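K.L.:
Have a peek at protein-v5.cif (mmCIF, C-alpha atoms).
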data_upload
#
loop_
_atom_site.label_atom_id
_atom_site.label_comp_id
_atom_site.auth_asym_id
_atom_site.auth_seq_id
_atom_site.Cartn_x
_atom_site.Cartn_y
_atom_site.Cartn_z
CA MET A 1 181.54 95.76 145.41
CA ASN A 2 182.31 97.08 148.85
CA GLN A 3 183.93 95.95 152.08
CA GLY A 4 180.61 94.60 153.34
CA THR A 5 180.80 91.94 150.63
CA GLY A 6 184.13 90.79 152.03
CA TRP A 7 182.79 90.64 155.56
CA LEU A 8 179.70 88.66 154.58
CA ALA A 9 181.66 86.26 152.39
CA GLY A 10 184.26 85.75 155.12
CA ILE A 11 181.62 84.99 157.73
CA GLY A 12 179.76 82.64 155.39
CA VAL A 13 182.87 80.70 154.39
CA GLY A 14 183.99 80.62 158.02
CA LEU A 15 180.69 79.09 159.12
CA VAL A 16 180.78 76.48 156.36
CA ALA A 17 184.38 75.62 157.25
CA LEU A 18 183.46 75.40 160.94
CA ILE A 19 180.70 72.91 160.21
CA LEU A 20 182.63 70.80 157.70
CA VAL A 21 186.07 70.77 159.34
CA GLY A 22 184.59 70.59 162.84
CA GLY A 23 182.53 67.53 161.84
CA PHE A 24 185.52 65.65 160.45
CA ALA A 25 188.49 66.86 162.49
CA GLY A 26 186.96 68.02 165.75
CA PRO A 27 186.04 71.39 167.24
CA LEU A 28 189.60 72.73 167.63
CA PHE A 29 190.48 72.23 163.98
CA GLY A 30 187.02 73.42 163.01
CA VAL A 31 187.59 76.77 164.70
CA LEU A 32 191.10 77.09 163.23
CA GLY A 33 189.86 76.15 159.75
CA ALA A 34 186.93 78.54 160.03
CA GLY A 35 189.19 81.40 161.10
CA LEU A 36 191.67 80.82 158.28
CA ALA A 37 189.00 80.31 155.63
CA GLY A 38 187.08 83.39 156.77
CA TYR A 39 190.21 85.54 156.88
CA TYR A 40 191.44 84.55 153.43
CA THR A 41 188.00 85.01 151.91
CA TYR A 42 187.69 88.46 153.45
CA LYS A 43 191.23 89.33 152.34
CA TYR A 44 190.45 88.31 148.75
CA PHE A 45 187.39 90.56 148.55
CA ASP A 46 189.10 93.43 150.41
CA ASP A 47 192.07 93.34 148.02
CA LYS A 48 189.71 93.37 145.05
CA TYR A 49 187.84 96.33 146.57
CA GLN A 50 191.09 98.24 147.19
CA VAL A 51 192.16 97.75 143.55
CA GLN A 52 188.79 99.04 142.32
CA LEU A 53 188.92 102.01 144.71
CA ASN A 54 192.47 102.90 143.63
CA ALA A 55 191.45 102.72 139.95
CA MET A 56 188.52 105.06 140.63
CA LEU A 57 190.62 107.57 142.61
CA ASN A 58 193.40 107.56 140.00
CA PRO A 59 191.72 107.40 136.60
CA PRO A 60 194.03 106.87 133.63
CA VAL A 61 195.51 109.87 131.87
CA GLU A 62 193.23 111.13 129.11
CA TYR A 63 193.96 113.10 125.97
CA TRP A 64 191.13 115.46 125.18
CA PRO A 65 190.95 116.48 121.51
CA LEU A 66 190.71 120.14 122.51
CA ARG A 67 193.13 123.02 122.78
CA MET A 68 194.30 123.81 126.30
CA GLU A 69 191.99 126.83 126.66
CA GLU A 70 188.93 124.84 125.60
CA ALA A 71 189.82 121.93 127.89
CA TRP A 72 190.27 124.34 130.79
CA LEU A 73 186.84 125.88 130.15
CA CYS A 74 185.25 122.41 129.97
CA LEU A 75 186.78 121.45 133.32
CA GLU A 76 185.66 124.65 135.02
CA GLU A 77 182.15 124.40 133.56
CA VAL A 78 181.68 120.84 134.77
CA LEU A 79 182.88 121.76 138.26
CA ASP A 80 180.46 124.71 138.32
CA THR A 81 177.46 122.60 137.28
CA CYS A 82 178.14 119.13 138.77
CA THR A 83 176.22 118.64 142.02
CA MET A 84 175.71 115.90 144.59
CA GLN A 85 172.32 115.31 146.15
CA THR A 86 172.71 114.11 149.73
CA GLY A 87 170.03 113.30 152.23
CA VAL A 88 171.58 115.38 155.01
CA SER A 89 173.34 118.31 153.31
CA GLY A 90 170.92 118.78 150.44
CA VAL A 91 172.68 119.71 147.21
CA SER A 92 176.46 120.10 147.35
CA HIS A 93 178.63 121.71 144.70
CA TRP A 94 182.29 121.48 143.77
CA ARG A 95 184.22 124.61 144.65
CA VAL A 96 187.56 125.51 143.17
CA THR A 97 190.07 125.99 145.99
CA SER A 98 193.05 126.93 143.84
CA LYS A 99 193.91 127.24 140.20
CA ASP A 100 196.84 128.28 138.08
CA ASN A 101 195.82 128.87 134.47
CA ASN A 102 199.43 129.26 133.35
CA ARG A 103 200.56 125.89 134.68
CA GLY A 104 197.23 124.15 134.06
CA ILE A 105 196.69 123.10 137.67
CA LEU A 106 193.30 123.15 139.34
CA LYS A 107 192.26 121.93 142.78
CA ALA A 108 188.60 121.56 143.71
CA GLN A 109 186.78 120.29 146.78
CA ILE A 110 183.30 119.17 147.66
CA ASP A 111 182.03 118.79 151.22
CA PHE A 112 178.82 117.19 152.36
CA LYS A 113 177.34 115.12 155.17
CA GLN A 114 176.02 111.60 154.80
CA ALA A 115 173.83 109.54 157.11
CA LEU A 116 174.98 105.95 157.55
CA GLY A 117 173.63 103.13 159.67
CA SER A 118 170.09 102.15 160.41
CA PRO A 119 167.28 104.57 159.57
CA ALA A 120 166.18 104.46 163.21
CA ASP A 121 169.62 105.53 164.49
CA PRO A 122 171.65 107.09 161.67
CA LYS A 123 175.17 108.34 162.21
CA ILE A 124 176.13 111.53 160.38
CA PHE A 125 179.57 111.52 158.74
CA PRO A 126 181.25 114.48 157.07
CA ARG A 127 182.55 113.78 153.57
CA THR A 128 185.30 115.64 151.74
CA VAL A 129 186.49 114.82 148.25
CA ILE A 130 189.39 116.69 146.70
CA MET A 131 190.13 116.73 142.98
CA ASP A 132 193.58 117.56 141.66
CA ALA A 133 193.63 118.19 137.91
CA GLU A 134 196.62 118.95 135.74
CA LEU A 135 196.20 119.95 132.12
CA THR A 136 199.16 119.93 129.74
CA PRO A 137 199.04 121.05 126.09
CA GLU A 138 200.00 118.29 123.62
CA GLU A 139 200.05 119.50 119.98
CA ASP A 140 196.34 119.67 119.01
CA SER A 141 195.07 118.04 122.19
CA THR A 142 195.35 118.38 125.95
CA LYS A 143 196.74 115.79 128.34
CA VAL A 144 194.49 115.59 131.40
CA GLU A 145 195.55 113.98 134.67
CA ILE A 146 192.92 113.90 137.40
CA LYS A 147 193.40 112.43 140.88
CA TYR A 148 190.86 112.26 143.69
CA ASN A 149 191.44 112.08 147.43
CA ILE A 150 188.77 110.97 149.88
CA HIS A 151 188.93 112.45 153.36
CA SER A 152 186.05 110.71 155.04
CA PRO A 153 185.56 107.70 157.28
CA SER A 154 183.18 104.74 157.08
CA GLY A 155 182.44 103.64 153.55
CA ASN A 156 182.31 105.57 150.36
CA GLY A 157 179.21 104.62 148.34
CA MET A 158 178.02 108.19 147.84
CA VAL A 159 181.59 109.36 147.23
CA THR A 160 181.99 106.72 144.53
CA ASP A 161 178.79 107.94 142.87
CA LEU A 162 180.06 111.52 143.00
CA ILE A 163 183.35 110.65 141.31
CA LYS A 164 181.64 108.55 138.63
CA THR A 165 179.15 111.36 137.95
CA THR A 166 181.93 113.95 137.71
CA GLN A 167 184.02 111.80 135.36
CA GLY A 168 180.94 111.10 133.20
CA SER A 169 180.08 114.81 133.07
CA LEU A 170 183.63 115.62 131.99
CA ARG A 171 183.49 113.07 129.15
CA ASN A 172 180.11 114.37 128.00
CA ARG A 173 181.27 118.00 128.08
CA VAL A 174 184.41 117.18 126.09
CA ALA A 175 182.34 115.32 123.49
CA ILE A 176 180.07 118.36 123.13
CA ALA A 177 183.03 120.72 122.83
CA LYS A 178 184.68 118.45 120.25
CA GLU A 179 181.57 118.51 118.03
CA ALA A 180 181.24 122.30 118.21
#
I need this file expressed as structure tokens, please.
P.N.:
Amino acid sequence: MNQGTGWLAGIGVGLVALILVGGFAGPLFGVLGAGLAGYYTYKYFDDKYQVQLNAMLNPPVEYWPLRMEEAWLCLEEVLDTCTMQTGVSGVSHWRVTSKDNNRGILKAQIDFKQALGSPADPKIFPRTVIMDAELTPEEDSTKVEIKYNIHSPSGNGMVTDLIKTTQGSLRNRVAIAKEA
């Protein structure tokens, strides 16, 4: 789901309300009813989208069944190998911008450009995604808190794919390390 769904649903409901209310109560009430119905429909879908986006950017805390050193190596390995294929920038990689092994804090960033709009007249937008990871030893496991920040305008479909791919790669790498 994205914000476009909210816009389309709002316009559709607004048009239906305009026709129905306008036919029974006149054009003035038809326009008012259409505006209210369209707004509330859009607001419903936008709120749902914002909740999904917030859940993706702030995944729940995980407990990896690995010692702190192994969890740290898994995180670094995934960031070294996880890539994003974009149409404009080619292949983009995560790069670690800061890390503190002693405190278990790592900050990584990926930058790329994305073409949006019609294929005949695409607009190029820069994308920046920042990952903040904090690893804390917990007995025989490691508590992992990861947060993402998106610093890019106009939609986030490719950014969403990047975050889902990174999270999936982390889970796969931890499963492999757990079996070893």
K.L.:
Might you spell out which residues the PyMOL selection byres ((chain A and resi 45-62) around 12) would select in the displayed file, as a ChimeraX atom specification?
P.N.:
/A:1-10,38-44,63-66,71,129-138,141-151,155-157,159-168,170-171,174
K.L.:
Leaving out segment 73-76 of chain A and any residue of its chain fewer than 4 positions from it, which residues lie within 9 Å of it when counting all atoms listed in the file, given as a list in words?
P.N.:
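My reading of the contact set: Met68, Glu69, Asp80, Thr81, Val96, Leu106, Ala133, Leu170, Arg173, Val174 and Ala177 of chain A.
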K.L.:
Export C-alpha atoms of the chosen residues as a PDB file, keeping the file's coordinate frame?
P.N.:
ATOM      1  CA  MET A  68     194.300 123.810 126.300  1.00  0.00           C
ATOM      2  CA  GLU A  69     191.990 126.830 126.660  1.00  0.00           C
ATOM      3  CA  ASP A  80     180.460 124.710 138.320  1.00  0.00           C
ATOM      4  CA  THR A  81     177.460 122.600 137.280  1.00  0.00           C
ATOM      5  CA  VAL A  96     187.560 125.510 143.170  1.00  0.00           C
ATOM      6  CA  LEU A 106     193.300 123.150 139.340  1.00  0.00           C
ATOM      7  CA  ALA A 133     193.630 118.190 137.910  1.00  0.00           C
ATOM      8  CA  LEU A 170     183.630 115.620 131.990  1.00  0.00           C
ATOM      9  CA  ARG A 173     181.270 118.000 128.080  1.00  0.00           C
ATOM     10  CA  VAL A 174     184.410 117.180 126.090  1.00  0.00           C
ATOM     11  CA  ALA A 177     183.030 120.720 122.830  1.00  0.00           C
TER      12      ALA A 177
END
K.L.:
Please, what distance in Å, to one decimal, runs between atom CA of Asp111 of chain A and atom CA of Asn172 of chain A?
P.N.:
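Calculated distance between atom CA of Asp111 of chain A and atom CA of Asn172 of chain A is 23.7 Å.
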K.L.:
Which value, in Å to one decimal, gives the distance between atom CA of Leu36 of chain A and atom CA of Phe24 of chain A?
P.N.:
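Interatomic distance, atom CA of Leu36 of chain A to atom CA of Phe24 of chain A: 16.5 Å.
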K.L.:
Could you please give me, as a ChimeraX atom specification, the residues of protein, DNA or RNA lying at most 8 Å from (197.0, 127.6, 131.1) in the coordinate frame of the file, considering only C-alpha atoms?
P.N.:
/A:68-69,72,100-105,135
K.L.:
In Å to one decimal, how far is atom CA of Glu70 of chain A from atom CA of Arg95 of chain A?
P.N.:
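The value is 19.6 Å.
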K.L.:
Can you turn the PyMOL selection byres ((chain A and resi 113-119) around 9) into a concrete residue list for this file, as a list in words?
P.N.:
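Checking the PyMOL selection byres ((chain A and resi 113-119) around 9) against this file, the residues are Thr86, Gly87, Val88, Ser89, Gly90, Asp111, Phe112, Ala120, Asp121, Pro122, Lys123, Ile124, Phe125, Pro126, Arg127, Thr128, Ser154, Gly155 and Met158 of chain A.
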K.L.:
Name the closest residue to Phe29 of chain A among the candidates A:Ile176, A:Val78, A:Ser169, A:Ala17; distances are taken between atoms, counting all atoms listed in the file.
P.N.:
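Using all atoms listed in the file, Phe29 of chain A sits closest to A:Ala17.
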K.L.:
May I have the centre and edge lengths, in Å to one decimal, of an axis-aligned box around the listed atoms of segment 102-106 of chain A with 6 Å added to every side, as JSON?
P.N.:
{"center_x": 196.9, "center_y": 126.2, "center_z": 136.3, "size_x": 19.3, "size_y": 18.2, "size_z": 18.0}
